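**Q** Starting off with a structure, shown below.
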Amino acid sequence: MSLNDKLAQIQTELKANKSRFNSFGKYSYRSAEDILESIKPFLIPLGVTVRVEENLIETNVIQTTAIISDGKVELKAQAVVGVDIDQKGMQMPQKFGSASSYGKKYALGNLFLIDDTKDSDALNTHNKKPKLLENTPQFKKVKDALKNGYSLEDVKKKYTLTSDIIKQLTD
């Protein structure tokens, strides 16, 4: 199996959960450490290693490179981040450490195709309810909710339902 094939396998099977929570911003996120931890189960079975290198390319700019290797070939992805020298409330090592962590996370995300963002259009439903589809996790949750006291009217408030889906939910 080529390194490209091995990387493709990792990219399609990798689950790097957002296991951390920012209580100020009220959102979940993943760190570089979370990504690295989720990659470890692939390393020995696929015969690859992953490493991260950093270079200071300007006084306040860090270039981070995530590298996967099979011992013969290397594939790389990079991220470039600035260090906010004027940021208040942090000592200089914290400023560089924060930028370093950010760079590692995004270089790894670039290498393993982990998309951390959703654009505003992806989040905008244009006042339309999502369509409930069969054989999805949402369908199973709705079916379970109906068994536990929720009504079909409750479901219709949240989802657009076809007559076929209604039949499946009520059978």
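Following the order of the structure tokens, chains are lettered A, B, ..., residues in each are numbered from 1, and ligands are numbered from 1.
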Could you name the residues that touch segment 148-156 of chain A at 10 Å or less, counting only C-alpha atoms, but leaving out those on the same chain fewer than 2 positions away, as a VMD selection string?

**A** chain A and resid 129 131 to 132 142 to 146 158 to 161 166 169 to 170

**Q** Could you pull out the helix (DSSP H, G or I) residues of chain A from DSSP and send them as JSON, numbers by chain?

**A** {"A": [3, 4, 5, 6, 7, 8, 9, 10, 11, 12, 13, 32, 33, 34, 35, 36, 37, 38, 39, 40, 41, 42, 43, 44, 45, 46, 92, 93, 94, 95, 96, 97, 98, 99, 100, 101, 102, 103, 104, 105, 106, 107, 108, 109, 110, 111, 112, 120, 121, 122, 123, 137, 138, 139, 140, 141, 142, 143, 144, 145, 146, 147, 152, 153, 154, 155, 156, 157, 158, 163, 164, 165, 166, 167, 168, 169, 170]}

**Q** Have a look at atom CA of Gln87 of chain A and atom CA of Asn60 of chain A and let me know their distance in Å, one decimal.

**A**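 Computed distance, atom CA of Gln87 of chain A to atom CA of Asn60 of chain A, equals 12.1 Å.
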
**Q** Applying 6 Å and only C-alpha atoms, which residues near Gln63 of chain A remain after dropping the ones on its own chain fewer than 4 positions away? List them as an NGL selection string.

**A** :A and (54-55 or 79-80)

**Q** How many Å separate atom CA of Lys104 of chain A from atom CA of Ala32 of chain A?

**A**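 Taking atom CA of Lys104 of chain A and atom CA of Ala32 of chain A, their separation equals 5.8 Å.
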
**Q** If we count only C-alpha atoms and set the cut-off at 7 Å, which residues sit around Val48 of chain A, ignoring sequence neighbours fewer than 2 positions away in its own chain? Please answer as a list in words.

**A**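 Residues meeting the cut-off are Leu43, Ile44, Leu46, Val50, Ile68, Ser69 and Asp70 of chain A.
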
**Q** Name the residues of chain A that come out as strand (DSSP E or B) in a backbone DSSP run; write them as a count of residues only.

**A** 36

**Q** Please list as a CSV table (one decimal) with all heavy atoms, in the first residue's frame every residue within 10 Å of Lys95 of chain A, counting only C-alpha atoms and excluding residues in the same chain fewer than 5 positions away.

**A**
chain,number,residue,atom,x,y,z
A,60,ASN,N,7.6,37.3,14.4
A,60,ASN,CA,6.3,36.9,15.0
A,60,ASN,C,5.5,36.0,14.1
A,60,ASN,O,4.3,36.1,14.2
A,60,ASN,CB,5.6,38.1,15.5
A,60,ASN,CG,5.2,39.0,14.3
A,60,ASN,OD1,5.8,39.0,13.2
A,60,ASN,ND2,4.2,39.9,14.5
A,82,GLY,N,0.5,33.8,12.9
A,82,GLY,CA,1.2,35.0,13.5
A,82,GLY,C,1.1,34.9,15.0
A,82,GLY,O,0.1,34.4,15.5
A,83,VAL,N,2.1,35.5,15.6
A,83,VAL,CA,2.1,35.7,17.1
A,83,VAL,C,1.7,37.1,17.4
A,83,VAL,O,2.4,38.0,16.9
A,83,VAL,CB,3.4,35.3,17.7
A,83,VAL,CG1,3.4,35.5,19.2
A,83,VAL,CG2,3.9,33.9,17.3
A,84,ASP,N,0.6,37.3,18.1
A,84,ASP,CA,0.2,38.7,18.5
A,84,ASP,C,1.0,39.2,19.6
A,84,ASP,O,0.7,38.9,20.8
A,84,ASP,CB,-1.3,38.7,18.8
A,84,ASP,CG,-1.8,40.1,19.1
A,84,ASP,OD1,-1.1,41.0,19.1
A,84,ASP,OD2,-3.1,40.2,19.3
A,85,ILE,N,2.1,39.9,19.3
A,85,ILE,CA,3.1,40.4,20.3
A,85,ILE,C,2.4,41.4,21.2
A,85,ILE,O,2.8,41.5,22.4
A,85,ILE,CB,4.3,41.1,19.6
A,85,ILE,CG1,5.0,40.1,18.6
A,85,ILE,CG2,5.2,41.6,20.6
A,85,ILE,CD1,5.6,38.9,19.3
A,86,ASP,N,1.4,42.1,20.8
A,86,ASP,CA,0.7,43.1,21.6
A,86,ASP,C,-0.5,42.6,22.4
A,86,ASP,O,-1.1,43.3,23.0
A,86,ASP,CB,0.3,44.2,20.7
A,86,ASP,CG,1.4,44.9,20.0
A,86,ASP,OD1,2.5,45.1,20.6
A,86,ASP,OD2,1.3,45.3,18.8
A,87,GLN,N,-0.7,41.3,22.3
A,87,GLN,CA,-1.9,40.7,23.0
A,87,GLN,C,-1.7,40.9,24.5
A,87,GLN,O,-0.7,40.6,25.1
A,87,GLN,CB,-2.0,39.2,22.7
A,87,GLN,CG,-3.2,38.6,23.4
A,87,GLN,CD,-3.4,37.2,22.9
A,87,GLN,OE1,-2.7,36.7,22.0
A,87,GLN,NE2,-4.4,36.5,23.5
A,88,LYS,N,-2.7,41.5,25.1
A,88,LYS,CA,-2.7,41.8,26.6
A,88,LYS,C,-3.0,40.5,27.4
A,88,LYS,O,-3.7,39.6,26.9
A,88,LYS,CB,-3.7,42.9,26.9
A,88,LYS,CG,-3.6,44.1,26.1
A,88,LYS,CD,-2.4,44.9,26.6
A,88,LYS,CE,-2.4,46.3,25.8
A,88,LYS,NZ,-1.1,46.6,25.4
A,89,GLY,N,-2.5,40.5,28.6
A,89,GLY,CA,-2.8,39.4,29.5
A,89,GLY,C,-2.0,38.1,29.4
A,89,GLY,O,-2.4,37.1,30.1
A,90,MET,N,-1.0,38.1,28.5
A,90,MET,CA,-0.2,36.9,28.4
A,90,MET,C,1.3,37.3,28.4
A,90,MET,O,1.6,38.4,27.9
A,90,MET,CB,-0.5,36.2,27.0
A,90,MET,CG,-1.7,35.5,26.9
A,90,MET,SD,-1.7,34.7,25.2
A,90,MET,CE,-3.0,33.5,25.5
A,100,SER,N,1.7,28.5,18.6
A,100,SER,CA,2.3,27.2,18.3
A,100,SER,C,1.2,26.1,18.3
A,100,SER,O,1.1,25.3,17.4
A,100,SER,CB,3.4,26.8,19.3
A,100,SER,OG,3.8,25.5,19.1
